file coords.csv (CSV, C-alpha atoms and all ligand atoms)
chain,number,residue,atom,x,y,z
B,1187,MET,CA,7.1,-9.0,24.3
B,1188,THR,CA,5.7,-5.9,26.0
B,1189,ASP,CA,2.2,-5.9,27.3
B,1190,PRO,CA,-0.3,-7.1,24.6
B,1191,LEU,CA,-2.3,-4.3,23.1
B,1192,THR,CA,-5.7,-4.1,21.6
B,1193,VAL,CA,-5.2,-3.2,17.9
B,1194,SER,CA,-8.1,-2.4,15.6
B,1195,VAL,CA,-7.3,-3.0,12.0
B,1196,LEU,CA,-9.6,-1.2,9.6
B,1197,GLY,CA,-9.2,-2.6,6.1
B,1198,THR,CA,-8.1,-6.2,5.6
B,1199,GLY,CA,-7.2,-6.3,1.9
B,1200,ILE,CA,-3.9,-7.7,0.6
B,1201,MET,CA,-1.8,-5.7,3.1
B,1202,GLY,CA,-4.2,-5.1,6.0
B,1203,ALA,CA,-5.0,-8.8,6.4
B,1204,ALA,CA,-1.3,-9.8,6.5
B,1205,MET,CA,-0.6,-7.1,9.0
B,1206,ALA,CA,-3.6,-8.0,11.2
B,1207,ARG,CA,-2.5,-11.7,11.1
B,1208,ASN,CA,1.1,-10.8,12.3
B,1209,LEU,CA,-0.3,-8.6,15.1
B,1210,ALA,CA,-2.5,-11.5,16.3
B,1211,ARG,CA,0.5,-13.9,16.1
B,1212,ALA,CA,2.6,-11.4,18.1
B,1213,GLY,CA,0.0,-11.8,20.9
B,1214,HIS,CA,-2.0,-8.6,20.5
B,1215,THR,CA,-5.7,-8.6,20.6
B,1216,VAL,CA,-6.8,-7.8,17.1
B,1217,ARG,CA,-10.2,-6.4,16.2
B,1218,ALA,CA,-10.7,-6.3,12.5
B,1219,TRP,CA,-13.2,-4.7,10.2
B,1220,ASN,CA,-13.4,-4.8,6.4
B,1221,ARG,CA,-16.1,-3.3,4.1
B,1222,THR,CA,-16.5,-6.7,2.5
B,1223,ARG,CA,-16.7,-8.8,5.6
B,1224,ASP,CA,-15.8,-12.1,3.9
B,1225,LYS,CA,-12.2,-10.8,3.5
B,1226,ALA,CA,-11.8,-10.3,7.2
B,1227,GLU,CA,-13.5,-13.6,8.3
B,1228,PRO,CA,-10.3,-15.8,7.8
B,1229,LEU,CA,-8.6,-13.7,10.5
B,1230,ALA,CA,-10.9,-15.3,13.1
B,1231,ALA,CA,-8.8,-18.4,12.8
B,1232,ASP,CA,-5.8,-16.4,14.0
B,1233,GLY,CA,-7.8,-15.2,17.0
B,1234,ALA,CA,-9.0,-11.9,15.6
B,1235,VAL,CA,-12.4,-10.6,16.5
B,1236,VAL,CA,-14.2,-9.6,13.3
B,1237,ALA,CA,-16.5,-6.6,13.7
B,1238,ASP,CA,-19.5,-5.4,11.7
B,1239,THR,CA,-18.8,-1.7,11.8
B,1240,PRO,CA,-15.7,0.5,12.1
B,1241,ALA,CA,-17.1,1.9,15.4
B,1242,GLU,CA,-17.5,-1.6,16.8
B,1243,ALA,CA,-14.0,-2.6,15.7
B,1244,VAL,CA,-12.4,0.2,17.6
B,1245,GLN,CA,-14.1,-0.6,20.9
B,1246,GLY,CA,-11.3,-0.6,23.6
B,1247,ALA,CA,-8.5,0.0,21.1
B,1248,ASP,CA,-5.1,1.1,22.3
B,1249,VAL,CA,-4.1,1.6,18.6
B,1250,VAL,CA,-6.1,1.9,15.4
B,1251,LEU,CA,-4.4,0.9,12.2
B,1252,THR,CA,-5.9,2.0,8.9
B,1253,MET,CA,-5.0,0.2,5.7
B,1254,LEU,CA,-7.5,1.1,3.1
B,1255,TYR,CA,-7.4,2.0,-0.6
B,1256,ASP,CA,-7.0,5.7,-0.4
B,1257,GLY,CA,-7.4,8.9,1.6
B,1258,ALA,CA,-11.1,9.3,0.8
B,1259,ALA,CA,-11.8,5.8,2.1
B,1260,VAL,CA,-9.8,6.4,5.3
B,1261,LEU,CA,-11.7,9.7,5.9
B,1262,GLU,CA,-15.1,8.0,5.4
B,1263,VAL,CA,-14.2,5.0,7.7
B,1264,MET,CA,-12.5,7.0,10.4
B,1265,ARG,CA,-15.4,9.5,10.6
B,1266,GLN,CA,-17.5,6.5,11.6
B,1267,ALA,CA,-14.8,5.1,14.0
B,1268,ALA,CA,-13.4,8.2,15.7
B,1269,PRO,CA,-16.4,9.1,17.9
B,1270,ALA,CA,-16.1,5.6,19.5
B,1271,LEU,CA,-12.4,6.2,20.5
B,1272,SER,CA,-11.0,7.7,23.7
B,1273,PRO,CA,-9.0,10.8,23.3
B,1274,GLY,CA,-5.3,10.0,23.4
B,1275,THR,CA,-5.6,6.8,21.4
B,1276,ALA,CA,-2.9,6.3,18.8
B,1277,TRP,CA,-3.9,6.2,15.1
B,1278,VAL,CA,-1.4,4.5,12.8
B,1279,GLN,CA,-2.4,5.6,9.3
B,1280,SER,CA,-0.6,3.2,6.8
B,1281,THR,CA,-2.8,3.6,3.7
B,1282,THR,CA,-0.8,5.3,0.9
B,1283,ALA,CA,-3.1,8.4,1.0
B,1284,GLY,CA,-1.1,11.2,-0.5
B,1285,ILE,CA,0.1,14.5,1.0
B,1286,ASP,CA,-3.3,16.4,0.8
B,1287,ALA,CA,-5.2,13.6,2.4
B,1288,ILE,CA,-2.7,13.4,5.3
B,1289,GLY,CA,-3.6,17.0,6.2
B,1290,GLU,CA,-7.3,16.2,6.3
B,1291,LEU,CA,-6.8,13.0,8.2
B,1292,SER,CA,-4.6,14.6,10.8
B,1293,GLU,CA,-7.2,17.3,11.2
B,1294,LEU,CA,-9.8,14.6,11.9
B,1295,ALA,CA,-7.4,13.1,14.4
B,1296,GLY,CA,-7.1,16.5,16.1
B,1297,GLU,CA,-10.9,16.9,16.4
B,1298,HIS,CA,-11.1,13.7,18.3
B,1299,GLY,CA,-7.9,14.1,20.4
B,1300,LEU,CA,-6.2,11.1,18.6
B,1301,VAL,CA,-2.4,10.9,18.3
B,1302,PHE,CA,-1.8,10.7,14.6
B,1303,PHE,CA,1.0,8.7,13.1
B,1304,ASP,CA,1.7,9.1,9.4
B,1305,ALA,CA,3.0,5.5,8.8
B,1306,PRO,CA,3.0,4.2,5.2
B,1307,VAL,CA,4.9,1.0,4.5
B,1308,LEU,CA,7.4,-0.2,1.9
B,1309,GLY,CA,7.1,-3.8,0.8
B,1310,THR,CA,4.4,-5.8,-0.8
B,1311,LYS,CA,2.3,-8.9,-0.1
B,1312,GLN,CA,5.0,-11.3,0.7
B,1313,PRO,CA,7.0,-9.1,3.1
B,1314,ALA,CA,3.7,-8.1,4.7
B,1315,GLU,CA,2.9,-11.8,5.3
B,1316,ALA,CA,6.4,-12.3,6.7
B,1317,GLY,CA,6.2,-9.3,9.0
B,1318,GLN,CA,9.1,-7.8,7.2
B,1319,LEU,CA,7.7,-4.5,5.9
B,1320,LEU,CA,9.7,-1.3,6.2
B,1321,VAL,CA,7.6,1.1,8.2
B,1322,LEU,CA,8.1,4.8,7.4
B,1323,ALA,CA,6.7,6.8,10.3
B,1324,ALA,CA,6.2,10.3,11.6
B,1325,GLY,CA,4.7,11.1,14.9
B,1326,PRO,CA,5.5,12.5,18.3
B,1327,SER,CA,8.5,11.0,20.2
B,1328,LYS,CA,6.6,11.1,23.5
B,1329,SER,CA,3.9,8.7,22.1
B,1330,ARG,CA,6.1,6.4,20.1
B,1331,ASP,CA,6.2,3.7,22.8
B,1332,ALA,CA,2.5,3.1,22.3
B,1333,VAL,CA,2.9,2.2,18.6
B,1334,THR,CA,6.4,0.5,18.5
B,1335,PRO,CA,5.0,-2.9,19.3
B,1336,VAL,CA,2.6,-2.6,16.3
B,1337,PHE,CA,5.4,-1.6,14.0
B,1338,ASP,CA,7.6,-4.4,15.4
B,1339,ALA,CA,4.9,-7.0,14.6
B,1340,VAL,CA,4.4,-5.9,11.0
B,1341,GLY,CA,7.8,-4.7,10.0
B,1342,ALA,CA,11.5,-5.6,10.0
B,1343,ARG,CA,12.5,-2.0,10.6
B,1344,THR,CA,11.0,1.4,11.3
B,1345,VAL,CA,12.4,4.6,9.8
B,1346,TRP,CA,11.3,7.7,11.7
B,1347,THR,CA,11.0,10.7,9.4
B,1348,GLY,CA,9.6,13.4,11.7
B,1349,GLU,CA,7.8,14.5,14.9
B,1350,ASP,CA,4.7,15.8,13.2
B,1351,GLY,CA,2.5,13.2,11.5
B,1352,ALA,CA,0.4,16.1,10.0
B,1353,ALA,CA,3.4,17.3,7.9
B,1354,GLY,CA,3.4,14.0,6.0
B,1355,SER,CA,7.1,13.5,5.9
B,1356,ALA,CA,6.7,9.7,5.9
B,1357,THR,CA,4.1,9.9,3.1
B,1358,ARG,CA,6.5,12.2,1.1
B,1359,LEU,CA,9.2,9.5,1.3
B,1360,LYS,CA,6.7,6.8,0.4
B,1361,LEU,CA,5.7,8.7,-2.7
B,1362,VAL,CA,9.3,9.1,-3.7
B,1363,ALA,CA,9.9,5.4,-3.3
B,1364,ASN,CA,6.8,4.4,-5.1
B,1365,SER,CA,7.7,6.7,-8.1
B,1366,TRP,CA,10.7,4.4,-8.5
B,1367,VAL,CA,8.7,1.2,-8.1
B,1368,ILE,CA,6.1,2.3,-10.6
B,1369,ALA,CA,8.6,3.6,-13.1
B,1370,ALA,CA,10.5,0.3,-12.9
B,1371,THR,CA,7.3,-1.7,-13.3
B,1372,ASN,CA,6.2,0.2,-16.3
B,1373,ALA,CA,9.7,0.1,-17.9
B,1374,THR,CA,9.6,-3.7,-17.4
B,1375,GLY,CA,6.3,-3.9,-19.3
B,1376,GLU,CA,7.6,-1.8,-22.1
B,1377,VAL,CA,10.8,-3.8,-22.5
B,1378,LEU,CA,8.8,-7.0,-22.9
B,1379,ALA,CA,6.3,-5.3,-25.2
B,1380,LEU,CA,9.1,-4.0,-27.4
B,1381,ALA,CA,10.9,-7.3,-27.4
B,1382,LYS,CA,7.7,-9.0,-28.5
B,1383,ALA,CA,7.1,-6.5,-31.3
B,1384,LEU,CA,10.7,-6.7,-32.6
B,1385,GLY,CA,10.8,-10.5,-32.4
B,1386,VAL,CA,13.5,-10.4,-29.6
B,1387,ASP,CA,13.5,-13.3,-27.2
B,1388,PRO,CA,13.3,-11.6,-23.7
B,1389,GLN,CA,15.8,-14.2,-22.5
B,1390,GLY,CA,18.3,-12.7,-24.9
B,1391,PHE,CA,17.9,-9.4,-23.2
B,1392,PHE,CA,18.2,-10.9,-19.7
B,1393,ASP,CA,21.4,-12.7,-20.8
B,1394,ALA,CA,22.8,-9.5,-22.2
B,1395,ILE,CA,22.5,-7.6,-18.9
B,1396,ALA,CA,23.1,-10.5,-16.6
B,1397,GLY,CA,25.4,-9.6,-13.7
B,1398,GLY,CA,26.0,-6.1,-14.9
B,1399,PRO,CA,24.8,-2.7,-13.4
B,1400,LEU,CA,21.7,-2.8,-15.6
B,1401,ASP,CA,20.5,-6.0,-14.2
B,1402,MET,CA,17.8,-5.8,-11.4
B,1403,GLY,CA,16.0,-8.3,-9.3
B,1404,TYR,CA,12.8,-6.3,-9.6
B,1405,LEU,CA,12.9,-6.5,-13.4
B,1406,ARG,CA,13.3,-10.3,-13.2
B,1407,VAL,CA,10.4,-10.7,-10.7
B,1408,LYS,CA,8.0,-8.5,-12.6
B,1409,ALA,CA,9.0,-9.8,-16.0
B,1410,GLY,CA,8.5,-13.3,-14.7
B,1411,LEU,CA,4.9,-12.6,-13.6
B,1412,ILE,CA,4.1,-11.4,-17.2
B,1413,LEU,CA,6.0,-14.1,-19.1
B,1414,ASN,CA,4.7,-17.0,-16.8
B,1415,ASP,CA,1.1,-15.7,-16.7
B,1416,GLN,CA,1.2,-15.2,-12.9
B,1417,LEU,CA,-0.5,-11.9,-12.7
B,1418,THR,CA,-3.2,-13.1,-10.3
B,1419,PRO,CA,-3.4,-13.1,-7.3
B,1420,ALA,CA,-1.9,-9.6,-7.3
B,1421,SER,CA,0.8,-8.5,-4.8
B,1422,PHE,CA,0.0,-4.9,-5.7
B,1423,ALA,CA,-2.9,-4.4,-8.0
B,1424,VAL,CA,-3.0,-2.3,-11.2
B,1425,SER,CA,-5.8,-0.1,-9.8
B,1426,THR,CA,-3.9,0.5,-6.6
B,1427,ALA,CA,-0.7,1.4,-8.4
B,1428,ALA,CA,-2.8,3.7,-10.7
B,1429,LYS,CA,-4.0,5.5,-7.6
B,1430,ASP,CA,-0.4,5.9,-6.4
B,1431,ALA,CA,0.8,7.1,-9.8
B,1432,ARG,CA,-1.9,9.8,-9.7
B,1433,LEU,CA,-0.8,10.9,-6.2
B,1434,ILE,CA,2.8,11.1,-7.4
B,1435,VAL,CA,2.0,13.2,-10.4
B,1436,GLU,CA,-0.2,15.5,-8.3
B,1437,ALA,CA,2.5,15.8,-5.6
B,1438,GLY,CA,5.0,16.8,-8.3
B,1439,ARG,CA,2.6,19.3,-9.9
B,1440,GLN,CA,1.8,21.0,-6.6
B,1441,ASN,CA,5.5,21.3,-5.8
B,1442,GLY,CA,6.6,22.6,-9.2
B,1443,VAL,CA,8.3,19.6,-10.9
B,1444,ARG,CA,7.2,17.9,-14.1
B,1445,LEU,CA,7.1,14.2,-13.8
B,1446,ASP,CA,6.7,13.0,-17.4
B,1447,VAL,CA,7.5,9.4,-16.8
B,1448,ALA,CA,5.2,9.2,-13.8
B,1449,ASN,CA,2.4,10.8,-15.9
B,1450,ALA,CA,2.9,8.3,-18.7
B,1451,GLY,CA,3.0,5.5,-16.1
B,1452,ALA,CA,-0.3,6.7,-14.6
B,1453,GLU,CA,-1.8,6.6,-18.1
B,1454,ARG,CA,-0.5,3.1,-18.8
B,1455,LEU,CA,-1.9,1.8,-15.5
B,1456,ALA,CA,-5.3,3.5,-16.1
B,1457,ARG,CA,-5.4,2.0,-19.6
B,1458,ALA,CA,-4.6,-1.5,-18.4
B,1459,ALA,CA,-7.4,-1.1,-15.7
B,1460,ALA,CA,-9.8,0.0,-18.4
B,1461,GLN,CA,-8.8,-3.1,-20.4
B,1462,GLY,CA,-9.9,-5.3,-17.5
B,1463,HIS,CA,-6.6,-5.8,-15.7
B,1464,GLY,CA,-7.4,-3.6,-12.6
B,1465,ASP,CA,-7.3,-6.5,-10.1
B,1466,GLU,CA,-4.1,-8.1,-11.6
B,1467,ASP,CA,-0.6,-7.4,-10.4
B,1468,MET,CA,0.6,-4.0,-11.6
B,1469,ALA,CA,3.0,-5.8,-13.9
B,1470,ALA,CA,-0.1,-6.1,-16.1
B,1471,ALA,CA,0.4,-2.5,-17.2
B,1472,TYR,CA,2.3,-4.4,-19.9
B,1473,PHE,CA,-1.0,-4.9,-21.7
B,1474,ALA,CA,-1.3,-1.1,-22.1
B,1475,SER,CA,1.3,-1.3,-24.9
B,1476,PHE,CA,-1.2,-3.1,-27.1
B,1477,ASP,CA,-4.3,-1.7,-28.7
B,1478,GLU,CA,-6.1,-5.0,-28.6
B,1479,GLU,CA,-6.0,-7.7,-25.9
B,1480,THR,CA,-2.9,-9.9,-26.4
B,1481,ASP,CA,-1.4,-12.8,-24.7
B,1482,ALA,CA,2.0,-12.3,-23.0
B,1501,LIG,P1,-6.5,-4.0,-1.4
B,1501,LIG,O1,-6.2,-5.4,-1.2
B,1501,LIG,O2,-7.2,-3.5,-2.6
B,1501,LIG,O3,-7.3,-3.4,-0.1
B,1501,LIG,C1,-8.0,-2.2,-0.1
B,1501,LIG,C2,-8.8,-2.1,1.1
B,1501,LIG,O4,-9.5,-0.9,1.1
B,1501,LIG,C3,-9.9,-3.2,1.1
B,1501,LIG,O5,-10.1,-3.6,2.4
B,1501,LIG,C4,-11.2,-2.5,0.6
B,1501,LIG,O6,-12.4,-3.0,1.0
B,1501,LIG,C5,-10.9,-1.1,1.2
B,1501,LIG,N1,-11.7,0.0,0.7
B,1501,LIG,C6,-11.6,0.5,-0.6
B,1501,LIG,N2,-12.5,1.5,-0.7
B,1501,LIG,C7,-13.1,1.6,0.5
B,1501,LIG,C8,-14.2,2.5,0.9
B,1501,LIG,N3,-14.6,3.5,0.2
B,1501,LIG,N4,-14.6,2.3,2.2
B,1501,LIG,C9,-14.2,1.3,2.9
B,1501,LIG,N5,-13.2,0.4,2.6
B,1501,LIG,C10,-12.7,0.6,1.3
B,1501,LIG,O7,-5.2,-3.1,-1.4
B,1501,LIG,P2,-3.8,-3.3,-0.7
B,1501,LIG,O8,-2.8,-3.7,-1.7
B,1501,LIG,O9,-4.0,-4.0,0.6
B,1501,LIG,O10,-3.4,-1.8,-0.4
B,1501,LIG,C11,-3.9,-1.1,0.8
B,1501,LIG,C12,-3.2,0.2,0.9
B,1501,LIG,O11,-1.8,-0.1,1.1
B,1501,LIG,C13,-3.2,1.1,-0.4
B,1501,LIG,O12,-3.2,2.5,0.0
B,1501,LIG,C14,-1.9,0.8,-1.1
B,1501,LIG,O13,-1.5,1.8,-1.9
B,1501,LIG,C15,-1.0,0.5,0.1
B,1501,LIG,N6,0.2,-0.3,-0.2
B,1501,LIG,C16,0.0,-1.5,-0.9
B,1501,LIG,C17,1.1,-2.3,-1.1
B,1501,LIG,C18,1.0,-3.5,-1.9
B,1501,LIG,O14,2.1,-4.0,-2.4
B,1501,LIG,N7,-0.1,-4.2,-2.1
B,1501,LIG,C19,2.4,-1.9,-0.5
B,1501,LIG,C20,2.5,-0.8,0.3
B,1501,LIG,C21,1.3,0.0,0.4
B,1501,LIG,P3,-13.1,-4.2,0.2
B,1501,LIG,O15,-12.4,-5.5,0.6
B,1501,LIG,O16,-14.5,-4.1,0.6
B,1501,LIG,O17,-12.9,-3.8,-1.3
call {"tool": "encode", "arguments": {"input": "coords.csv", "output": "structure tokens"}}
result
Amino acid sequence: MTDPLTVSVLGTGIMGAAMARNLARAGHTVRAWNRTRDKAEPLAADGAVVADTPAEAVQGADVVLTMLYDGAAVLEVMRQAAPALSPGTAWVQSTTAGIDAIGELSELAGEHGLVFFDAPVLGTKQPAEAGQLLVLAAGPSKSRDAVTPVFDAVGARTVWTGEDGAAGSATRLKLVANSWVIAATNATGEVLALAKALGVDPQGFFDAIAGGPLDMGYLRVKAGLILNDQLTPASFAVSTAAKDARLIVEAGRQNGVRLDVANAGAERLARAAAQGHGDEDMAAAYFASFDEETDA
């Protein structure tokens, strides 16, 4: 590998912890911080230094990686961390933050002389753990060498979408991809809810579409989680998907397109969260089809 870097990972939830672990395993010095420290502690076994504050975590960083819930969380945390960073440090922003937030975050980067990379990822918990994410990235060519080792450690491939991180071209692609992911997840939940209501064995549906163009690995995976009661631990939680669905609807609205399916999907996810399924896998949007709590 190239020279080891010091990489500060802010946010060690489902995705951030897996990414931090792969960075440490690739030989980089990892300094990790998480609001709930307990979630970062296990990374010490992989050689990571667990810090008490964002500012402490970014001491000596070559690259800062943010992987938090949303844009507001990133802004809050990076406002604490940025003053402790040297100008010229690369900031890889991988949280799915939405287009508006990318503008605010890149502005903050500019105020502190940081080189901003808009770098959301495709892939969920398991690909994150395997270092097989697809990194979507926008940022200046002249500074890419500084972050390539980070992308190589967490991902199987990097797709460069533009020169200017502030323009949010990578985030735009991420929102498009997630609109498909969330639509497919919600459709899966409704298929199973309708089958249940009509007294149709879901297996009969799977057998009917098997091997044809309507069949889909993702349908099988998400349906399996519902039917086999495997909604925890989540790969991608209902509450996080609800946040993404809102970002997608808002991006469509601001850019003049109606997204009725995404809007309904956002409502289903919000309803499932209100029913108490917020921390379960987003497949639990299935429960939004029922007025009362029901067993899958
Ligand atoms: P997660 O496990 O819920 O982690 C969220 C992280 O954000 C936690 O570290 C949490 O800290 C932190 N956080 C939330 N609000 C905060 C605040 N106000 N201040 C400081 N920290 C805060 O979620 P995840 O699945 O890893 O997702 C992280 C990001 O990646 C999200 O933007 C998500 O959309 C995106 N993403 C997720 C997937 C996926 O499949 N899971 C795939 C691609 C992209 P605590 O531990 O203290 O709560």
call {"tool": "closest_residue", "arguments": {"input": "coords.csv", "among": "B:Val1307, B:Val1278, B:Ala1339, B:Gly1289", "to": "Pro1326 (chain B)", "atoms": "all atoms listed in the file"}}
result
B:Val1278
call {"tool": "residues_near_ligand", "arguments": {"input": "coords.csv", "ligand": "ligand LIG 1501 (chain B)", "cutoff": "9 Å", "atoms": "only C-alpha atoms and all ligand atoms", "output": "ChimeraX atom specification"}}
result
/B:1196-1204,1219-1226,1252-1263,1280-1284,1306-1314,1319,1360,1364,1420-1423,1425-1427,1429-1430,1465,1467
call {"tool": "residues_around", "arguments": {"input": "coords.csv", "residues": "region 1235-1243 of chain B", "least_positions_apart": "3", "cutoff": "9 Å", "atoms": "all atoms listed in the file", "output": "list in words"}}
result
Ser1194, Val1195, Leu1196, Thr1215, Val1216, Arg1217, Ala1218, Trp1219, Asn1220, Arg1221, Arg1223, Ala1226, Glu1227, Leu1229, Ala1230, Gly1246, Ala1247, Val1263, Met1264, Gln1266, Ala1267, Ala1268, Pro1269, Ala1270 and Leu1271 of chain B
call {"tool": "closest_residue", "arguments": {"input": "coords.csv", "among": "B:Ala1458, B:Ala1450, B:Leu1209, B:Ala1234", "to": "Ala1369 (chain B)", "atoms": "all atoms listed in the file"}}
result
B:Ala1450
call {"tool": "residues_around", "arguments": {"input": "coords.csv", "residues": "Ala1342 (chain B)", "least_positions_apart": "6", "cutoff": "7 Å", "atoms": "all atoms listed in the file", "output": "list in words"}}
result
Gly1317, Gln1318, Leu1319 and Leu1320 of chain B
call {"tool": "write_last_selection", "arguments": {"input": "coords.csv", "atoms": "C-alpha atoms", "output": "mmCIF file, in the frame of the given file"}}
result
data_model
loop_
_atom_site.group_PDB
_atom_site.id
_atom_site.type_symbol
_atom_site.label_atom_id
_atom_site.label_comp_id
_atom_site.auth_asym_id
_atom_site.auth_seq_id
_atom_site.Cartn_x
_atom_site.Cartn_y
_atom_site.Cartn_z
ATOM 1 C CA GLY B 1317 6.200 -9.300 9.000
ATOM 2 C CA GLN B 1318 9.100 -7.800 7.200
ATOM 3 C CA LEU B 1319 7.700 -4.500 5.900
ATOM 4 C CA LEU B 1320 9.700 -1.300 6.200
#
call {"tool": "closest_residue", "arguments": {"input": "coords.csv", "among": "B:Asp1304, B:Glu1466, B:Asp1189, B:Asp1387", "to": "Glu1349 (chain B)", "atoms": "all atoms listed in the file"}}
result
B:Asp1304
call {"tool": "closest_residue", "arguments": {"input": "coords.csv", "among": "B:Ile1412, B:Val1193, B:Ala1212, B:Ala1431", "to": "Ala1469 (chain B)", "atoms": "only C-alpha atoms"}}
result
B:Ile1412
call {"tool": "atom_distance", "arguments": {"input": "coords.csv", "atom1": "CA of Glu1293 (chain B)", "atom2": "CA of Arg1432 (chain B)"}}
result
22.8 Å
call {"tool": "closest_residue", "arguments": {"input": "coords.csv", "among": "B:Gln1389, B:Asn1208, B:Gln1461, B:Gln1245", "to": "Gly1233 (chain B)", "atoms": "all atoms listed in the file"}}
result
B:Asn1208
call {"tool": "residues_around", "arguments": {"input": "coords.csv", "residues": "Ile1434 (chain B)", "least_positions_apart": "4", "cutoff": "12 Å", "atoms": "only C-alpha atoms", "output": "tab-separated table (two decimals) with C-alpha atoms, in the coordinates of the input"}}
result
chain	number	residue	atom	x	y	z
B	1282	THR	CA	-0.80	5.30	0.90
B	1283	ALA	CA	-3.10	8.40	1.00
B	1284	GLY	CA	-1.10	11.20	-0.50
B	1285	ILE	CA	0.10	14.50	1.00
B	1286	ASP	CA	-3.30	16.40	0.80
B	1357	THR	CA	4.10	9.90	3.10
B	1358	ARG	CA	6.50	12.20	1.10
B	1359	LEU	CA	9.20	9.50	1.30
B	1360	LYS	CA	6.70	6.80	0.40
B	1361	LEU	CA	5.70	8.70	-2.70
B	1362	VAL	CA	9.30	9.10	-3.70
B	1363	ALA	CA	9.90	5.40	-3.30
B	1364	ASN	CA	6.80	4.40	-5.10
B	1365	SER	CA	7.70	6.70	-8.10
B	1366	TRP	CA	10.70	4.40	-8.50
B	1367	VAL	CA	8.70	1.20	-8.10
B	1368	ILE	CA	6.10	2.30	-10.60
B	1369	ALA	CA	8.60	3.60	-13.10
B	1427	ALA	CA	-0.70	1.40	-8.40
B	1428	ALA	CA	-2.80	3.70	-10.70
B	1429	LYS	CA	-4.00	5.50	-7.60
B	1430	ASP	CA	-0.40	5.90	-6.40
B	1438	GLY	CA	5.00	16.80	-8.30
B	1439	ARG	CA	2.60	19.30	-9.90
B	1440	GLN	CA	1.80	21.00	-6.60
B	1441	ASN	CA	5.50	21.30	-5.80
B	1443	VAL	CA	8.30	19.60	-10.90
B	1444	ARG	CA	7.20	17.90	-14.10
B	1445	LEU	CA	7.10	14.20	-13.80
B	1446	ASP	CA	6.70	13.00	-17.40
B	1447	VAL	CA	7.50	9.40	-16.80
B	1448	ALA	CA	5.20	9.20	-13.80
B	1449	ASN	CA	2.40	10.80	-15.90
B	1450	ALA	CA	2.90	8.30	-18.70
B	1451	GLY	CA	3.00	5.50	-16.10
B	1452	ALA	CA	-0.30	6.70	-14.60
call {"tool": "atom_distance", "arguments": {"input": "coords.csv", "atom1": "CA of Leu1291 (chain B)", "atom2": "CA of Arg1454 (chain B)"}}
result
29.4 Å
call {"tool": "closest_residue", "arguments": {"input": "coords.csv", "among": "B:Ser1475, B:Ala1295, B:Leu1251, B:Ser1355", "to": "Leu1455 (chain B)", "atoms": "only C-alpha atoms"}}
result
B:Ser1475
call {"tool": "residues_around", "arguments": {"input": "coords.csv", "residues": "Gly1403 (chain B)", "least_positions_apart": "5", "cutoff": "12 Å", "atoms": "only C-alpha atoms", "output": "list in words"}}
result
Ala1370, Thr1371, Thr1374, Phe1392, Ile1395, Ala1396, Gly1397, Gly1398, Lys1408, Ala1409 and Gly1410 of chain B
call {"tool": "atom_distance", "arguments": {"input": "coords.csv", "atom1": "CA of Val1249 (chain B)", "atom2": "CA of Glu1297 (chain B)"}}
result
16.9 Å
